[in-house]
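One file, coords_1.txt, carrying compact mmCIF, C-alpha atoms and all ligand atoms:
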```txt
# COMPACT_ATOMS: atom_id res chain seq x y z
CA MET A 1 47.61 96.10 -43.49
CA LYS A 2 50.38 93.70 -44.50
CA ASN A 3 52.08 91.64 -41.81
CA LEU A 4 55.60 92.86 -41.14
CA ILE A 5 58.55 90.51 -40.64
CA ILE A 6 61.83 92.00 -39.45
CA ALA A 7 65.13 90.13 -39.77
CA ASN A 8 67.45 91.22 -36.96
CA TRP A 9 70.86 89.88 -37.96
CA LYS A 10 72.41 91.26 -34.76
CA MET A 11 76.26 91.12 -34.92
CA ASN A 12 76.33 88.70 -37.87
CA PRO A 13 77.71 87.63 -40.31
CA LEU A 14 81.48 88.10 -40.01
CA LYS A 15 82.15 88.90 -43.68
CA SER A 16 80.49 91.29 -46.10
CA THR A 17 80.47 88.60 -48.79
CA GLU A 18 78.38 86.42 -46.47
CA ALA A 19 75.99 89.33 -45.86
CA GLU A 20 75.52 89.76 -49.61
CA LYS A 21 74.93 86.05 -50.06
CA LEU A 22 72.36 85.87 -47.27
CA LEU A 23 70.44 88.86 -48.53
CA GLY A 24 70.59 87.50 -52.10
CA SER A 25 69.11 84.17 -51.01
CA VAL A 26 66.28 85.80 -49.07
CA ALA A 27 65.51 88.15 -51.96
CA MET A 28 65.34 85.25 -54.44
CA GLY A 29 62.85 83.36 -52.33
CA PHE A 30 60.85 86.48 -51.63
CA ARG A 31 59.77 87.04 -55.23
CA ASN A 32 56.38 85.34 -54.89
CA ILE A 33 55.47 86.95 -51.59
CA LYS A 34 52.64 89.44 -51.98
CA ARG A 35 50.96 90.01 -48.63
CA THR A 36 53.91 90.36 -46.28
CA GLU A 37 56.45 93.15 -45.83
CA VAL A 38 59.97 92.01 -44.98
CA VAL A 39 62.71 94.28 -43.64
CA ILE A 40 66.36 93.27 -43.29
CA CYS A 41 68.36 94.82 -40.43
CA PRO A 42 72.06 94.04 -40.90
CA PRO A 43 74.92 95.55 -38.87
CA PHE A 44 75.60 99.23 -39.75
CA ILE A 45 78.81 98.35 -41.54
CA TYR A 46 77.01 96.43 -44.31
CA LEU A 47 74.14 98.83 -44.92
CA SER A 48 75.67 100.96 -47.72
CA GLN A 49 76.95 97.98 -49.61
CA LEU A 50 73.68 96.02 -49.34
CA ARG A 51 71.80 99.09 -50.42
CA LYS A 52 73.57 98.95 -53.79
CA ILE A 53 72.46 95.41 -54.61
CA LYS A 54 69.12 95.05 -56.36
CA HIS A 55 67.06 93.00 -53.93
CA GLY A 56 63.85 94.96 -53.47
CA LEU A 57 63.74 94.53 -49.69
CA PRO A 58 63.70 97.57 -47.41
CA LEU A 59 66.64 97.88 -45.02
CA GLY A 60 66.63 98.86 -41.38
CA ALA A 61 69.26 99.59 -38.75
CA GLN A 62 69.53 97.88 -35.37
CA ASP A 63 70.05 101.11 -33.42
CA CYS A 64 70.95 104.80 -33.82
CA PHE A 65 71.91 107.85 -31.78
CA TRP A 66 69.45 110.64 -30.97
CA GLU A 67 71.44 113.63 -32.28
CA GLU A 68 71.65 114.48 -35.96
CA LYS A 69 75.42 115.12 -36.19
CA GLY A 70 78.41 116.34 -34.20
CA ALA A 71 80.92 115.22 -31.60
CA PHE A 72 79.48 111.83 -30.67
CA THR A 73 82.28 109.36 -31.28
CA GLY A 74 81.21 105.99 -32.56
CA GLU A 75 77.57 106.93 -33.07
CA VAL A 76 75.37 106.84 -36.18
CA SER A 77 72.48 109.28 -36.62
CA PRO A 78 68.99 108.67 -38.01
CA ALA A 79 69.69 111.33 -40.69
CA MET A 80 72.74 109.35 -41.88
CA LEU A 81 70.66 106.19 -42.02
CA LYS A 82 67.98 107.98 -43.99
CA ASN A 83 70.57 109.31 -46.42
CA ILE A 84 71.87 105.85 -47.25
CA GLY A 85 68.37 104.59 -47.92
CA CYS A 86 67.33 102.98 -44.63
CA ARG A 87 63.62 103.02 -43.84
CA TYR A 88 63.37 101.44 -40.38
CA VAL A 89 65.34 101.53 -37.11
CA ILE A 90 65.07 99.05 -34.25
CA VAL A 91 65.17 100.97 -30.97
CA GLY A 92 65.48 99.69 -27.41
CA HIS A 93 66.36 96.08 -28.18
CA SER A 94 66.82 94.13 -24.94
CA GLU A 95 70.45 93.37 -25.80
CA ARG A 96 71.16 97.11 -25.96
CA ARG A 97 69.32 97.66 -22.70
CA LYS A 98 71.45 94.91 -21.17
CA TYR A 99 74.94 95.45 -22.64
CA GLN A 100 74.85 99.21 -23.35
CA ARG A 101 72.72 100.06 -20.32
CA GLU A 102 70.19 101.91 -22.45
CA THR A 103 67.43 103.44 -20.36
CA GLY A 104 63.80 104.34 -20.98
CA GLU A 105 64.87 107.97 -21.30
CA THR A 106 67.55 107.45 -23.96
CA ILE A 107 65.34 105.03 -25.84
CA ASN A 108 62.56 107.62 -25.84
CA LYS A 109 64.98 110.20 -27.30
CA LYS A 110 65.93 107.73 -30.02
CA VAL A 111 62.28 107.03 -30.93
CA LYS A 112 61.70 110.78 -31.32
CA ALA A 113 64.89 111.28 -33.35
CA VAL A 114 64.00 108.44 -35.71
CA LEU A 115 60.55 109.94 -36.31
CA ILE A 116 62.01 113.43 -36.91
CA ALA A 117 64.34 111.95 -39.54
CA GLY A 118 61.33 110.45 -41.34
CA LEU A 119 62.19 106.83 -40.56
CA LYS A 120 60.03 104.22 -38.89
CA PRO A 121 61.06 103.20 -35.37
CA ILE A 122 60.43 99.67 -34.17
CA LEU A 123 60.32 100.03 -30.39
CA CYS A 124 61.22 96.81 -28.56
CA ILE A 125 59.62 96.29 -25.16
CA ALA A 126 59.43 93.46 -22.66
CA ASN A 127 56.68 94.98 -20.49
CA LEU A 128 54.19 97.82 -20.31
CA SER A 129 56.41 100.22 -18.38
CA GLN A 130 59.01 100.05 -21.16
CA LEU A 131 56.20 100.82 -23.59
CA GLU A 132 55.13 103.86 -21.60
CA GLU A 133 58.69 105.18 -21.21
CA GLY A 134 59.55 104.64 -24.86
CA LEU A 135 56.48 106.48 -26.12
CA ASN A 136 56.55 109.33 -23.61
CA GLY A 137 55.53 112.49 -25.50
CA VAL A 138 55.28 110.67 -28.84
CA SER A 139 52.06 111.26 -30.75
CA GLU A 140 52.92 109.50 -34.02
CA LYS A 141 52.14 105.84 -34.62
CA VAL A 142 55.06 103.61 -33.69
CA ILE A 143 55.60 99.93 -34.50
CA ILE A 144 56.02 97.98 -31.26
CA ALA A 145 57.86 94.68 -30.86
CA TYR A 146 56.92 92.68 -27.78
CA GLU A 147 59.92 90.54 -26.82
CA PRO A 148 59.80 88.76 -23.46
CA PHE A 149 63.34 88.45 -21.98
CA PHE A 150 63.25 84.71 -21.44
CA ALA A 151 62.39 84.09 -25.09
CA ILE A 152 65.15 86.13 -26.77
CA GLY A 153 67.83 83.94 -28.29
CA THR A 154 67.02 81.07 -25.95
CA GLY A 155 64.98 78.73 -28.13
CA ILE A 156 62.24 78.98 -25.50
CA PRO A 157 59.37 80.82 -27.20
CA CYS A 158 56.63 82.56 -25.25
CA SER A 159 53.40 80.57 -25.09
CA VAL A 160 50.76 81.74 -27.53
CA GLU A 161 48.32 82.30 -24.62
CA LYS A 162 50.72 84.60 -22.74
CA ALA A 163 51.62 86.46 -25.93
CA LYS A 164 47.94 86.91 -26.73
CA LYS A 165 47.24 88.39 -23.29
CA MET A 166 50.09 90.84 -23.72
CA ARG A 167 48.98 91.76 -27.24
CA LYS A 168 45.60 92.81 -25.85
CA LEU A 169 47.26 95.10 -23.31
CA ILE A 170 49.41 96.91 -25.86
CA LYS A 171 47.42 99.74 -27.34
CA ALA A 172 49.07 100.06 -30.73
CA ARG A 173 47.97 99.33 -34.26
CA GLN A 174 51.00 97.31 -35.31
CA VAL A 175 52.63 95.04 -32.76
CA LEU A 176 55.21 92.38 -33.61
CA TYR A 177 56.14 89.35 -31.55
CA GLY A 178 59.82 88.50 -31.10
CA GLY A 179 61.68 85.79 -29.20
CA SER A 180 62.66 82.34 -30.53
CA VAL A 181 60.39 82.59 -33.57
CA ASN A 182 60.82 79.63 -35.92
CA PRO A 183 58.94 78.19 -38.93
CA GLN A 184 56.82 76.00 -36.62
CA ASN A 185 55.52 78.69 -34.27
CA ALA A 186 55.51 81.78 -36.53
CA VAL A 187 51.94 81.64 -37.81
CA ASP A 188 50.42 81.08 -34.35
CA TYR A 189 51.62 84.45 -33.05
CA ILE A 190 49.77 86.13 -35.88
CA ALA A 191 46.73 83.92 -36.41
CA LYS A 192 46.09 82.97 -32.77
CA ALA A 193 47.75 85.64 -30.62
CA GLY A 194 46.76 88.59 -32.83
CA PHE A 195 50.15 90.12 -33.66
CA GLN A 196 50.73 92.00 -36.92
CA GLY A 197 54.16 90.56 -37.60
CA LEU A 198 57.37 89.13 -36.18
CA LEU A 199 60.87 90.16 -35.18
CA VAL A 200 63.16 87.27 -36.00
CA GLY A 201 66.73 87.01 -34.69
CA GLY A 202 68.65 83.73 -34.90
CA VAL A 203 66.51 82.09 -37.58
CA SER A 204 66.83 85.13 -39.90
CA LEU A 205 70.46 84.08 -40.50
CA ASN A 206 69.27 80.89 -42.16
CA ALA A 207 67.75 81.90 -45.51
CA ARG A 208 65.84 78.65 -45.98
CA GLN A 209 64.18 78.74 -42.56
CA PHE A 210 63.57 82.47 -42.68
CA LEU A 211 61.86 82.07 -46.05
CA GLN A 212 59.73 79.30 -44.56
CA ILE A 213 58.55 81.72 -41.89
CA ILE A 214 57.75 84.34 -44.53
CA SER A 215 55.87 81.99 -46.85
CA ARG A 216 53.84 80.41 -44.01
CA VAL A 217 52.82 83.82 -42.70
CA ASP A 218 52.00 84.98 -46.22
CA GLU A 219 49.84 81.91 -46.95
CA ALA A 220 48.02 82.26 -43.62
CA LYS A 221 46.95 85.77 -44.61
CA ALA A 222 45.33 84.55 -47.86
P1 LIG B 1 65.69 85.41 -31.48
O1 LIG B 1 65.92 86.98 -31.33
O2 LIG B 1 64.72 85.22 -32.62
O3 LIG B 1 67.04 84.85 -31.79
O4 LIG B 1 65.13 84.93 -30.19
C1 LIG B 1 64.86 87.86 -31.39
C2 LIG B 1 65.35 89.24 -31.16
O5 LIG B 1 66.28 89.43 -30.37
O6 LIG B 1 64.88 90.20 -31.76
```
Here is a file; write its structure as structure tokens.
Ligand code: PGA
Amino acid sequence: MKNLIIANWKMNPLKSTEAEKLLGSVAMGFRNIKRTEVVICPPFIYLSQLRKIKHGLPLGAQDCFWEEKGAFTGEVSPAMLKNIGCRYVIVGHSERRKYQRETGETINKKVKAVLIAGLKPILCIANLSQLEEGLNGVSEKVIIAYEPFFAIGTGIPCSVEKAKKMRKLIKARQVLYGGSVNPQNAVDYIAKAGFQGLLVGGVSLNARQFLQIISRVDEAKA
């Protein structure tokens, strides 16, 4: 199985031209990468446009709603994402739990809706109860991203020892680590802590550093 690296751009960048430029730079540097899968998750508003550029990288969304269509103002459905060529959806990110008050129940509905639409959910969790709630009644394989609160966007990464302990407790085939990942610590989470990939926030907005993460992880797999 290839390692999976997800770029979570969050609410960045401000202009669509910048989004195109960033994706173009990552795609250029990605050409020699063979053993690592990389997914770019831009804001919804850029997805259609980025889809039209030839870059060869799968796209993902940062969230979705759980219904397919109808009177749900402001929402975007997994079916819509599928129809514009998305392949992955991040679900239950800690920033959505915090600012949008998403609960285990709504996140669980989203995981199911993403699977029904034929997309791959990436379920973000900070602890085992969030894992249990998110996967309640789900029998399909789901990609999990372990992201401890204190490490998200803080520049304070989780220690490799703590991450390794958590990895052992998460019964899933593909588990990513997320939280202050940078080119210096990226390989350790995979080679030492036993994760199958990374969810990268802040550093994914810097093409040079993000490509460093990708190439180091790719070389480590050789
Ligand atoms: P960070 O974000 O890499 O900026 O800590 C990770 C995430 O929120 O997924």
Can you tell me, as an MDAnalysis selection string, what residues are no more than 8 Å from Tyr189 (chain A) when counting only C-alpha atoms, ignoring any on the same chain fewer than 2 positions away?
chainID A and resid 160 163:164 177 185:187 191:195
Taking only C-alpha atoms and all ligand atoms into account, list the residues no farther than 9 Å from ligand LIG 1 (chain B), as a ChimeraX atom specification.
/A:6-10,93-95,124,145,147,149-157,177-182,198-204
May I ask which of the residues A:Thr73, A:Gln130, A:Gln209, A:Asn83 is the closest one to Thr106 (chain A), counting all atoms listed in the file?
A:Gln130
Could you list, as a ChimeraX atom specification, every residue within 9 Å of region 52-59 of chain A, counting all atoms listed in the file and ignoring same-chain residues fewer than 5 positions away?
/A:20,23-24,26-28,30,37-42,47,85-89
Considering all atoms listed in the file, return as a list in words whatever protein or nucleic-acid residues lie within 10 Å of Ile90 (chain A), sequence-local ones (same chain, fewer than 4 positions apart) excluded.
Ile6, Asn8, Cys41, Gly60, Ala61, Gln62, Asp63, Cys64, Lys110, Val111, Val114, Lys120, Pro121, Ile122, Leu123, Cys124, Ile143, Ile144, Ala145 and Leu199 of chain A
d(CA of Gln100 (chain A), CA of Leu115 (chain A)) in Å:
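Here the two named atoms are 22.1 Å from each other.
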Length of the CA of Gly74 (chain A) to CA of Ile45 (chain A) vector [Å]:
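Here the two named atoms are 12.0 Å from each other.
Counting all atoms listed in the file, Phe65 (chain A) has the following residues at most 8 Å away, ignoring those fewer than 2 positions along the same chain: A:Asp63, A:Glu67, A:Glu68, A:Glu75, A:Val76, A:Ser77, A:Pro78, A:Lys110, A:Ala113.
From CA of Pro183 (chain A) back to CA of Thr36 (chain A), the distance works out to 15.1 Å.
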